[in-house]
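Data block for model_28.cif (mmCIF, C-alpha atoms):
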```cif
data_model
#
loop_
_atom_site.label_atom_id
_atom_site.label_comp_id
_atom_site.auth_asym_id
_atom_site.auth_seq_id
_atom_site.Cartn_x
_atom_site.Cartn_y
_atom_site.Cartn_z
CA MET M 108 128.44 124.25 162.07
CA LEU M 109 125.01 125.83 161.91
CA LEU M 110 122.12 124.19 160.14
CA ARG M 111 118.77 125.54 159.12
CA SER M 112 116.12 123.72 157.16
CA THR M 113 113.84 125.03 154.43
CA ARG M 114 111.25 123.15 152.41
CA GLY M 115 111.73 123.13 148.65
CA LYS M 116 109.10 124.36 146.21
CA GLY M 117 108.90 123.27 142.62
CA ALA M 118 107.37 121.20 139.87
CA LEU M 119 107.60 117.67 141.19
CA PRO M 120 104.26 116.34 142.56
CA ARG M 121 103.94 116.19 146.33
CA MET M 122 102.61 113.23 148.26
CA SER M 123 99.38 113.94 150.10
CA THR M 124 99.27 113.75 153.88
CA SER M 125 96.91 115.12 156.51
CA THR M 126 99.85 116.25 158.67
CA PRO M 127 102.25 118.49 156.73
CA LEU M 128 105.90 117.95 157.53
CA ALA M 129 107.33 120.95 159.38
CA PRO M 130 110.75 122.28 158.42
CA ARG M 131 113.50 120.87 160.62
CA LYS M 132 115.70 123.42 162.38
CA ILE M 133 118.87 122.04 163.89
CA ASP M 134 121.46 124.10 165.72
CA VAL M 135 124.97 122.71 165.96
CA TRP M 136 127.69 124.57 167.85
CA ARG M 137 130.49 124.93 165.32
CA CYS M 138 131.89 123.24 162.23
CA GLN M 139 134.31 121.20 164.38
CA ASP M 140 131.37 119.63 166.22
CA SER M 141 128.61 117.33 165.04
CA LEU M 142 125.01 116.57 165.89
CA ILE M 143 126.25 113.68 167.99
CA ASP M 144 128.65 115.98 169.87
CA ARG M 145 125.78 118.32 170.72
CA ALA M 146 123.60 115.47 171.94
CA ALA M 147 126.49 114.04 173.92
CA SER M 148 127.03 117.34 175.70
CA ALA M 149 123.40 117.17 176.83
CA GLY M 150 123.96 113.64 178.14
CA SER M 151 121.51 111.95 175.77
CA VAL M 152 123.96 109.77 173.80
CA PRO M 153 127.59 108.69 174.20
CA ARG M 154 130.12 110.94 172.48
CA VAL M 155 131.22 109.25 169.25
CA GLN M 156 133.99 110.56 167.05
CA PRO M 157 133.62 109.72 163.35
CA MET M 158 136.25 107.45 161.85
CA ARG M 159 138.67 109.15 159.50
CA PRO M 160 139.47 107.73 156.04
CA PHE M 161 143.04 106.80 155.21
CA LEU M 162 143.14 109.20 152.24
CA LYS M 163 143.50 112.92 152.80
CA TRP M 164 140.83 114.59 150.70
CA ALA M 165 139.76 118.12 149.86
CA GLY M 166 136.16 118.52 151.04
CA ALA M 167 136.04 115.20 152.89
CA LYS M 168 132.79 114.78 154.81
CA THR M 169 134.14 113.39 158.10
CA LYS M 170 132.87 116.37 160.10
CA LEU M 171 129.46 116.22 158.43
CA VAL M 172 128.81 112.51 158.97
CA ALA M 173 126.33 113.10 161.80
CA ALA M 174 124.46 115.74 159.79
CA ILE M 175 124.26 113.37 156.81
CA ARG M 176 123.12 110.52 159.04
CA ASP M 177 120.43 112.77 160.51
CA ALA M 178 119.16 113.57 157.01
CA ALA M 179 119.04 109.89 156.00
CA PRO M 180 116.32 107.26 156.55
CA PRO M 181 116.87 104.97 159.56
CA GLU M 182 117.50 101.65 157.78
CA PRO M 183 118.29 101.92 154.08
CA ARG M 184 118.55 98.75 152.01
CA ARG M 185 121.97 99.86 150.74
CA LEU M 186 124.08 102.98 150.28
CA ILE M 187 124.98 104.22 146.81
CA GLU M 188 127.70 106.86 146.40
CA PRO M 189 128.42 108.04 142.84
CA PHE M 190 131.27 110.29 144.12
CA VAL M 191 132.90 108.21 146.83
CA GLY M 192 136.05 110.32 147.26
CA SER M 193 137.84 109.38 150.46
CA GLY M 194 134.89 107.28 151.62
CA ALA M 195 134.14 109.15 154.86
CA VAL M 196 130.40 108.56 154.52
CA VAL M 197 130.44 104.84 153.75
CA LEU M 198 133.04 104.36 156.49
CA ASN M 199 130.74 105.84 159.12
CA LEU M 200 127.17 105.04 158.07
CA GLY M 201 127.57 101.30 158.54
CA CYS M 202 125.24 100.05 155.80
CA ALA M 203 125.37 96.31 155.21
CA THR M 204 125.56 96.72 151.42
CA ASN M 205 127.20 99.54 149.48
CA VAL M 206 127.81 100.58 145.88
CA LEU M 207 130.75 102.97 145.60
CA GLY M 208 131.40 104.77 142.36
CA ASP M 209 133.81 107.37 141.07
CA SER M 210 134.92 108.44 137.62
CA ASN M 211 138.56 108.58 138.75
CA PRO M 212 140.17 105.21 137.85
CA ASP M 213 143.23 105.95 140.00
CA LEU M 214 141.04 106.20 143.11
CA ILE M 215 138.97 103.10 142.34
CA ASP M 216 142.13 101.08 141.66
CA VAL M 217 143.38 101.95 145.17
CA TYR M 218 140.16 100.61 146.67
CA LEU M 219 140.23 97.49 144.49
CA GLU M 220 143.78 96.73 145.61
CA LEU M 221 142.88 97.24 149.27
CA GLN M 222 139.70 95.17 148.90
CA GLY M 223 141.63 92.30 147.33
CA ASP M 224 145.06 91.42 148.69
CA GLY M 225 144.96 94.25 151.18
CA GLU M 226 147.83 93.11 153.37
CA ALA M 227 150.29 92.92 150.47
CA PHE M 228 149.04 96.27 149.22
CA MET M 229 149.65 97.92 152.60
CA VAL M 230 153.13 96.42 152.87
CA ASP M 231 154.04 97.80 149.44
CA CYS M 232 152.64 101.22 150.30
CA GLU M 233 154.54 101.28 153.57
CA ALA M 234 157.81 100.74 151.70
CA LEU M 235 157.32 104.16 150.08
CA PHE M 236 156.99 105.94 153.44
CA ILE M 237 160.69 106.39 154.15
CA PRO M 238 162.60 109.59 155.01
CA GLU M 239 164.40 109.53 151.65
CA ASN M 240 161.05 109.89 149.88
CA ASN M 241 159.98 112.89 151.96
CA ARG M 242 162.01 115.26 149.82
CA ALA M 243 160.95 117.38 146.89
CA GLY M 244 163.25 115.60 144.43
CA ALA M 245 162.00 112.15 145.37
CA TYR M 246 158.37 113.30 145.37
CA TYR M 247 158.55 114.74 141.87
CA ALA M 248 160.37 111.66 140.58
CA LEU M 249 157.66 109.38 141.99
CA ARG M 250 154.95 111.70 140.66
CA ALA M 251 156.52 111.46 137.21
CA GLU M 252 156.56 107.66 137.51
CA PHE M 253 152.88 107.74 138.53
CA ASN M 254 151.98 109.74 135.43
CA ALA M 255 154.07 107.56 133.10
CA THR M 256 153.36 104.02 134.28
CA THR M 257 150.68 101.77 132.82
CA ASP M 258 151.01 99.31 135.70
CA ARG M 259 147.76 99.88 137.59
CA ARG M 260 148.92 98.00 140.69
CA ARG M 261 152.08 100.10 140.98
CA LYS M 262 150.07 103.24 140.27
CA ALA M 263 147.67 102.45 143.12
CA ARG M 264 150.57 102.25 145.57
CA LEU M 265 152.04 105.49 144.30
CA PHE M 266 148.64 107.16 144.65
CA VAL M 267 148.64 106.50 148.40
CA TYR M 268 152.18 107.90 148.68
CA LEU M 269 151.31 111.02 146.66
CA ASN M 270 148.12 111.55 148.65
CA ARG M 271 149.98 111.63 151.97
CA HIS M 272 153.02 113.59 150.74
CA GLY M 273 151.33 116.04 148.34
CA TYR M 274 149.96 119.45 149.20
CA ASN M 275 146.86 119.55 151.41
CA GLY M 276 145.42 116.21 150.31
CA LEU M 277 144.53 117.51 146.86
CA CYS M 278 143.72 115.21 143.96
CA ARG M 279 144.14 117.31 140.85
CA TYR M 280 144.96 116.70 137.20
CA ASN M 281 146.09 119.02 134.43
CA ALA M 282 144.53 119.33 130.98
CA SER M 283 146.65 116.42 129.73
CA GLY M 284 145.43 114.15 132.53
CA GLY M 285 148.65 114.33 134.54
CA PHE M 286 148.54 114.40 138.32
CA ASN M 287 150.04 117.81 139.19
CA VAL M 288 149.73 118.35 142.95
CA PRO M 289 152.94 119.92 144.34
CA PHE M 290 155.07 118.57 147.18
CA GLY M 291 153.46 119.12 150.57
CA ARG M 292 156.60 119.65 152.71
CA TYR M 293 155.28 117.78 155.74
CA VAL M 294 157.72 117.02 158.55
CA ARG M 295 157.00 113.30 158.80
CA PRO M 296 154.13 111.86 156.72
CA ARG M 297 152.88 108.66 158.31
CA MET M 298 151.67 105.52 156.62
CA PRO M 299 147.96 105.28 157.59
CA ARG M 300 147.96 101.53 158.22
CA ALA M 301 145.30 101.44 160.96
CA ALA M 302 142.92 103.58 158.90
CA MET M 303 143.58 101.42 155.83
CA GLU M 304 142.80 98.26 157.79
CA ALA M 305 139.51 99.76 158.99
CA PHE M 306 138.55 100.79 155.47
CA ARG M 307 139.53 97.39 154.13
CA GLY M 308 136.90 95.86 156.41
CA VAL M 309 134.22 98.19 155.03
CA LEU M 310 135.23 97.39 151.46
CA GLN M 311 134.31 93.74 151.95
CA ASN M 312 130.66 94.89 151.85
CA CYS M 313 131.11 97.11 148.81
CA THR M 314 130.73 96.85 145.07
CA LEU M 315 133.12 99.23 143.32
CA ARG M 316 132.31 101.02 140.09
CA CYS M 317 134.70 103.11 138.01
CA ALA M 318 131.95 104.93 136.17
CA ASP M 319 130.27 108.23 135.46
CA PHE M 320 127.75 109.32 138.10
CA ARG M 321 124.91 108.86 135.61
CA THR M 322 125.68 105.14 135.34
CA VAL M 323 125.96 104.68 139.10
CA LEU M 324 122.77 106.62 139.86
CA ALA M 325 120.89 104.48 137.34
CA GLU M 326 121.26 101.56 139.78
CA ALA M 327 119.29 103.31 142.54
CA SER M 328 115.89 101.84 143.34
CA ALA M 329 113.34 101.53 146.13
CA GLY M 330 114.88 101.33 149.60
CA ASP M 331 118.28 102.70 148.59
CA LEU M 332 120.01 105.69 150.17
CA VAL M 333 121.92 107.76 147.62
CA TYR M 334 124.50 110.27 148.81
CA CYS M 335 126.06 112.57 146.21
CA ASP M 336 129.11 114.72 146.99
CA PRO M 337 130.00 116.10 143.54
CA PRO M 338 132.62 118.70 142.70
CA TYR M 339 130.84 121.78 143.97
CA VAL M 340 129.21 124.61 142.06
CA PRO M 341 131.85 127.39 142.30
CA ALA M 342 131.14 129.66 145.26
CA SER M 343 132.59 132.59 143.29
CA ALA M 344 134.09 133.43 139.91
CA THR M 345 137.59 132.85 141.31
CA ALA M 346 136.83 129.60 143.13
CA ASN M 347 136.36 127.24 140.19
CA PHE M 348 138.20 124.09 141.28
CA THR M 349 136.53 121.08 139.70
CA ASP M 350 139.35 118.96 138.27
CA TYR M 351 139.29 116.16 140.86
CA ALA M 352 139.08 113.75 137.95
CA LYS M 353 140.36 113.93 134.40
CA GLY M 354 137.92 115.94 132.31
CA GLY M 355 136.58 118.16 135.09
CA PHE M 356 132.96 118.71 136.12
CA GLY M 357 131.08 121.52 134.40
CA PRO M 358 127.68 123.25 134.53
CA GLN M 359 125.96 120.65 132.35
CA ASP M 360 127.17 117.93 134.71
CA GLN M 361 125.55 119.81 137.60
CA ILE M 362 122.27 120.02 135.67
CA ASP M 363 122.41 116.34 134.77
CA LEU M 364 123.17 115.36 138.36
CA ALA M 365 120.10 117.20 139.66
CA GLU M 366 117.89 115.49 137.08
CA HIS M 367 119.29 112.02 137.80
CA CYS M 368 118.71 112.59 141.51
CA ARG M 369 115.05 113.38 140.80
CA GLN M 370 114.77 110.25 138.70
CA ALA M 371 116.29 108.13 141.49
CA ALA M 372 113.72 109.55 143.94
CA ARG M 373 110.92 108.71 141.51
CA ARG M 374 112.17 105.11 141.50
CA GLY M 375 111.92 105.02 145.31
CA ALA M 376 115.40 106.00 146.49
CA TRP M 377 116.10 108.49 149.28
CA VAL M 378 118.59 111.01 147.85
CA ILE M 379 120.91 113.45 149.66
CA VAL M 380 123.17 115.89 147.81
CA SER M 381 125.89 118.20 149.17
CA ASN M 382 126.85 121.40 147.39
CA HIS M 383 127.72 125.06 147.94
CA ASP M 384 124.85 127.29 149.03
CA THR M 385 124.65 129.49 145.94
CA ARG M 386 121.84 130.91 143.85
CA GLU M 387 122.69 128.39 141.11
CA THR M 388 122.49 125.45 143.51
CA ARG M 389 119.15 126.59 144.91
CA GLU M 390 117.75 126.94 141.41
CA LEU M 391 118.99 123.47 140.44
CA TYR M 392 117.31 121.89 143.47
CA ALA M 393 114.29 124.18 143.83
CA ASP M 394 111.92 121.18 143.82
CA ALA M 395 113.71 119.26 146.60
CA ASP M 396 111.72 118.18 149.65
CA GLU M 397 114.15 119.89 151.98
CA CYS M 398 117.34 121.98 151.98
CA ARG M 399 119.43 122.15 155.14
CA GLU M 400 121.81 125.08 155.41
CA LEU M 401 125.27 124.41 156.83
CA LEU M 402 128.23 126.55 157.78
CA VAL M 403 131.34 124.45 157.24
CA ALA M 404 135.06 125.12 157.77
CA ARG M 405 137.21 124.47 154.72
CA ARG M 406 141.02 124.28 154.71
CA ILE M 407 142.09 124.40 151.06
CA SER M 408 143.53 127.92 150.93
CA CYS M 409 147.29 128.15 151.34
CA ASN M 410 146.72 131.28 153.44
CA SER M 411 145.47 130.13 156.85
CA ALA M 412 143.98 133.55 157.52
CA ARG M 413 141.64 133.06 154.54
CA ARG M 414 140.39 129.63 155.54
CA SER M 415 136.95 130.81 156.58
CA ALA M 416 133.65 128.99 156.88
CA ALA M 417 131.70 128.18 153.72
CA ARG M 418 127.94 128.02 153.28
CA GLU M 419 126.73 124.64 152.05
CA LEU M 420 123.45 122.85 151.48
CA LEU M 421 122.25 119.33 152.19
CA VAL M 422 119.54 118.74 149.60
CA ILE M 423 117.04 115.96 150.32
CA TYR M 424 114.71 114.16 147.91
CA ARG M 425 112.48 111.63 149.62
CA PRO M 426 111.11 108.64 147.69
CA ARG M 427 108.21 109.56 145.43
CA GLY M 428 104.99 107.59 145.71
CA SER M 429 105.97 105.90 148.97
CA GLU M 430 103.81 106.16 152.08
CA ILE M 431 106.70 104.63 154.02
CA SER M 432 108.81 107.70 153.26
CA LEU M 433 106.17 109.93 154.83
CA VAL M 434 106.22 107.89 158.02
CA GLN M 435 110.01 107.95 158.10
CA ALA M 436 110.19 111.69 157.53
CA ALA M 437 107.47 112.52 160.10
CA GLY M 438 109.25 110.46 162.74
CA ARG M 439 112.61 112.18 162.34
#
```

Please re-express this file's structure in structure tokens.
Amino acid sequence: MLLRSTRGKGALPRMSTSTPLAPRKIDVWRCQDSLIDRAASAGSVPRVQPMRPFLKWAGAKTKLVAAIRDAAPPEPRRLIEPFVGSGAVVLNLGCATNVLGDSNPDLIDVYLELQGDGEAFMVDCEALFIPENNRAGAYYALRAEFNATTDRRRKARLFVYLNRHGYNGLCRYNASGGFNVPFGRYVRPRMPRAAMEAFRGVLQNCTLRCADFRTVLAEASAGDLVYCDPPYVPASATANFTDYAKGGFGPQDQIDLAEHCRQAARRGAWVIVSNHDTRETRELYADADECRELLVARRISCNSARRSAARELLVIYRPRGSEISLVQAAGR
């Protein structure tokens, strides 16, 4: 993964300082490595592998955890994630207090079940991980049950099964709101008990919100770290895959997200946003304090030969009107 840093230019007022902040330029070997891996190879810090979430997830940020940590302030009051997804960031940042939001009720129900009676939830999930259920017929029958049931507790258990047995860790819904990911044809899907237990511990310090990102971002205030990992701006005309939740995520949502991030920064939050490095993204975040360019491996294509690196951005808005933010940024 390669990173470069550029300073944003735009309409938002800048904070005055006698020592301008220089652009940060960070070189990381490849997308499989992290900033910590690079430092470890130089002998400056112990090598630390990021913890992996129990859910497979398209675009999960496990490999970017160190880059996100490097872009964040040293000791935020709490972490707010309006698009929690698989939870790779909250799992690895280690904030004492967290607000995790997502507009997908199926995902939030899984986390609520694990946060509550987690042991019983894991036992029930494990009962679905049997050889008889690792067949196309069984998968499609359980997927049909998932789409038909109104029992949220049963649906949460089925979600874990579908996530580990479906194709490539996708979470996708059709126009009618039905989960439509095909069978993954894995040799022996394993119940991720150890990873679920680790995530259960993190959830004890989390408040969960099944809500639109606008509602979750409205909670951000001074001292908070906000990390946004929305459905990305399409990298091309043929790469429009935004239906991670029922209803999709369109251009107006991208515009609204950028504006709500600016508002959160004005209220004193430190905001980081991930997205594709496209002309549209750069225009949306032209007034950001900093944009870090990343080259990231993605593995969604069914053709392994086409799974090439993608250009992404880490957009950073530092708190407006805060002298503390200047000290933090200058010291990084």

| message | I'd like to know which of M:Gln222, M:Pro157, M:Gly330, M:Lys163 is closest to Asn199 in chain M, using only C-alpha atoms. | response | M:Pro157

| query | Need the neighbours of (139.2, 98.6, 157.6): which residues are at most 10 Å away, counting only C-alpha atoms, as a PyMOL selection string? | reply | chain M and resi 160-161+198+221-222+225+300-311

| Surrounding residues of range 203-218 of chain M excluding itself and chain neighbours under 2 positions, 8 Å, only C-alpha atoms, as a ChimeraX atom specification | /M:184-192,197,201,220-222,259-260,262-264,266-267,310,312-320,323,351-353

Here's the selection I'm unsure about, the PyMOL selection byres ((chain M and resi 329) around 12); applied to the file above, which residues does it give, as a JSON list (two decimals) with C-alpha atoms, in the coordinates of the input?
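File produced: selection04.json:
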```
[["chain", "number", "residue", "atom", "x", "y", "z"],
["M", 183, "PRO", "CA", 118.29, 101.92, 154.08],
["M", 184, "ARG", "CA", 118.55, 98.75, 152.01],
["M", 185, "ARG", "CA", 121.97, 99.86, 150.74],
["M", 186, "LEU", "CA", 124.08, 102.98, 150.28],
["M", 187, "ILE", "CA", 124.98, 104.22, 146.81],
["M", 325, "ALA", "CA", 120.89, 104.48, 137.34],
["M", 326, "GLU", "CA", 121.26, 101.56, 139.78],
["M", 327, "ALA", "CA", 119.29, 103.31, 142.54],
["M", 328, "SER", "CA", 115.89, 101.84, 143.34],
["M", 330, "GLY", "CA", 114.88, 101.33, 149.60],
["M", 331, "ASP", "CA", 118.28, 102.70, 148.59],
["M", 332, "LEU", "CA", 120.01, 105.69, 150.17],
["M", 333, "VAL", "CA", 121.92, 107.76, 147.62],
["M", 370, "GLN", "CA", 114.77, 110.25, 138.70],
["M", 371, "ALA", "CA", 116.29, 108.13, 141.49],
["M", 372, "ALA", "CA", 113.72, 109.55, 143.94],
["M", 373, "ARG", "CA", 110.92, 108.71, 141.51],
["M", 374, "ARG", "CA", 112.17, 105.11, 141.50],
["M", 375, "GLY", "CA", 111.92, 105.02, 145.31],
["M", 376, "ALA", "CA", 115.40, 106.00, 146.49],
["M", 377, "TRP", "CA", 116.10, 108.49, 149.28],
["M", 378, "VAL", "CA", 118.59, 111.01, 147.85],
["M", 425, "ARG", "CA", 112.48, 111.63, 149.62],
["M", 426, "PRO", "CA", 111.11, 108.64, 147.69],
["M", 427, "ARG", "CA", 108.21, 109.56, 145.43],
["M", 428, "GLY", "CA", 104.99, 107.59, 145.71],
["M", 429, "SER", "CA", 105.97, 105.90, 148.97],
["M", 431, "ILE", "CA", 106.70, 104.63, 154.02],
["M", 432, "SER", "CA", 108.81, 107.70, 153.26]]
```

| field | Distance query Ala251 in chain M at most 12 Å, all atoms listed in the file, self and fewer than 2 positions along chain excluded, as a list of chain:residue names | value | M:Gly244, M:Ala245, M:Tyr246, M:Tyr247, M:Ala248, M:Leu249, M:Phe253, M:Asn254, M:Ala255, M:Thr256, M:Lys262, M:Leu265, M:Phe266, M:Leu269, M:Gly285, M:Phe286, M:Asn287, M:Val288, M:Pro289

| field | Polymer residues at most 8 Å from Met298 in chain M, all atoms listed in the file, same-chain spacing of 4 or more positions, as a list in words | value |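 In the requested form, the answer reads Cys232, Glu233, Phe236 and Arg271 of chain M.
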
Generate a file of the selected residues that holds C-alpha atoms, formatted as an mmCIF file, in the frame of the given file.
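New file part.cif:
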```cif
data_model
loop_
_atom_site.group_PDB
_atom_site.id
_atom_site.type_symbol
_atom_site.label_atom_id
_atom_site.label_comp_id
_atom_site.auth_asym_id
_atom_site.auth_seq_id
_atom_site.Cartn_x
_atom_site.Cartn_y
_atom_site.Cartn_z
ATOM 1 C CA CYS M 232 152.640 101.220 150.300
ATOM 2 C CA GLU M 233 154.540 101.280 153.570
ATOM 3 C CA PHE M 236 156.990 105.940 153.440
ATOM 4 C CA ARG M 271 149.980 111.630 151.970
#
```

| said: Within 8 Å of (131.0, 128.2, 152.3) (file coordinates; only C-alpha atoms), which protein or nucleic acid residues are there? I'd like them as a PyMOL selection string. | reply: chain M and resi 342+383-384+402-405+415-419

| Close residues, Asp360 in chain M itself excluded, 10 Å, all atoms listed in the file, min 3 positions apart in chain, as a PyMOL selection string | chain M and resi 320-321+337-338+355-357+363-366

| note | In Å and to one decimal, CA of Ala173 in chain M is distant from CA of Ser381 in chain M by 13.6 Å

| query | What is the distance, in Å and to one decimal place, between CA of Gly291 in chain M and CA of Gly273 in chain M? | reply |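 Result for CA of Gly291 in chain M versus CA of Gly273 in chain M: 4.4 Å, one decimal.
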
| request: May I ask for the distance between CA of Tyr334 in chain M and CA of Gly223 in chain M, given in Å to one decimal place? | output: 24.9 Å
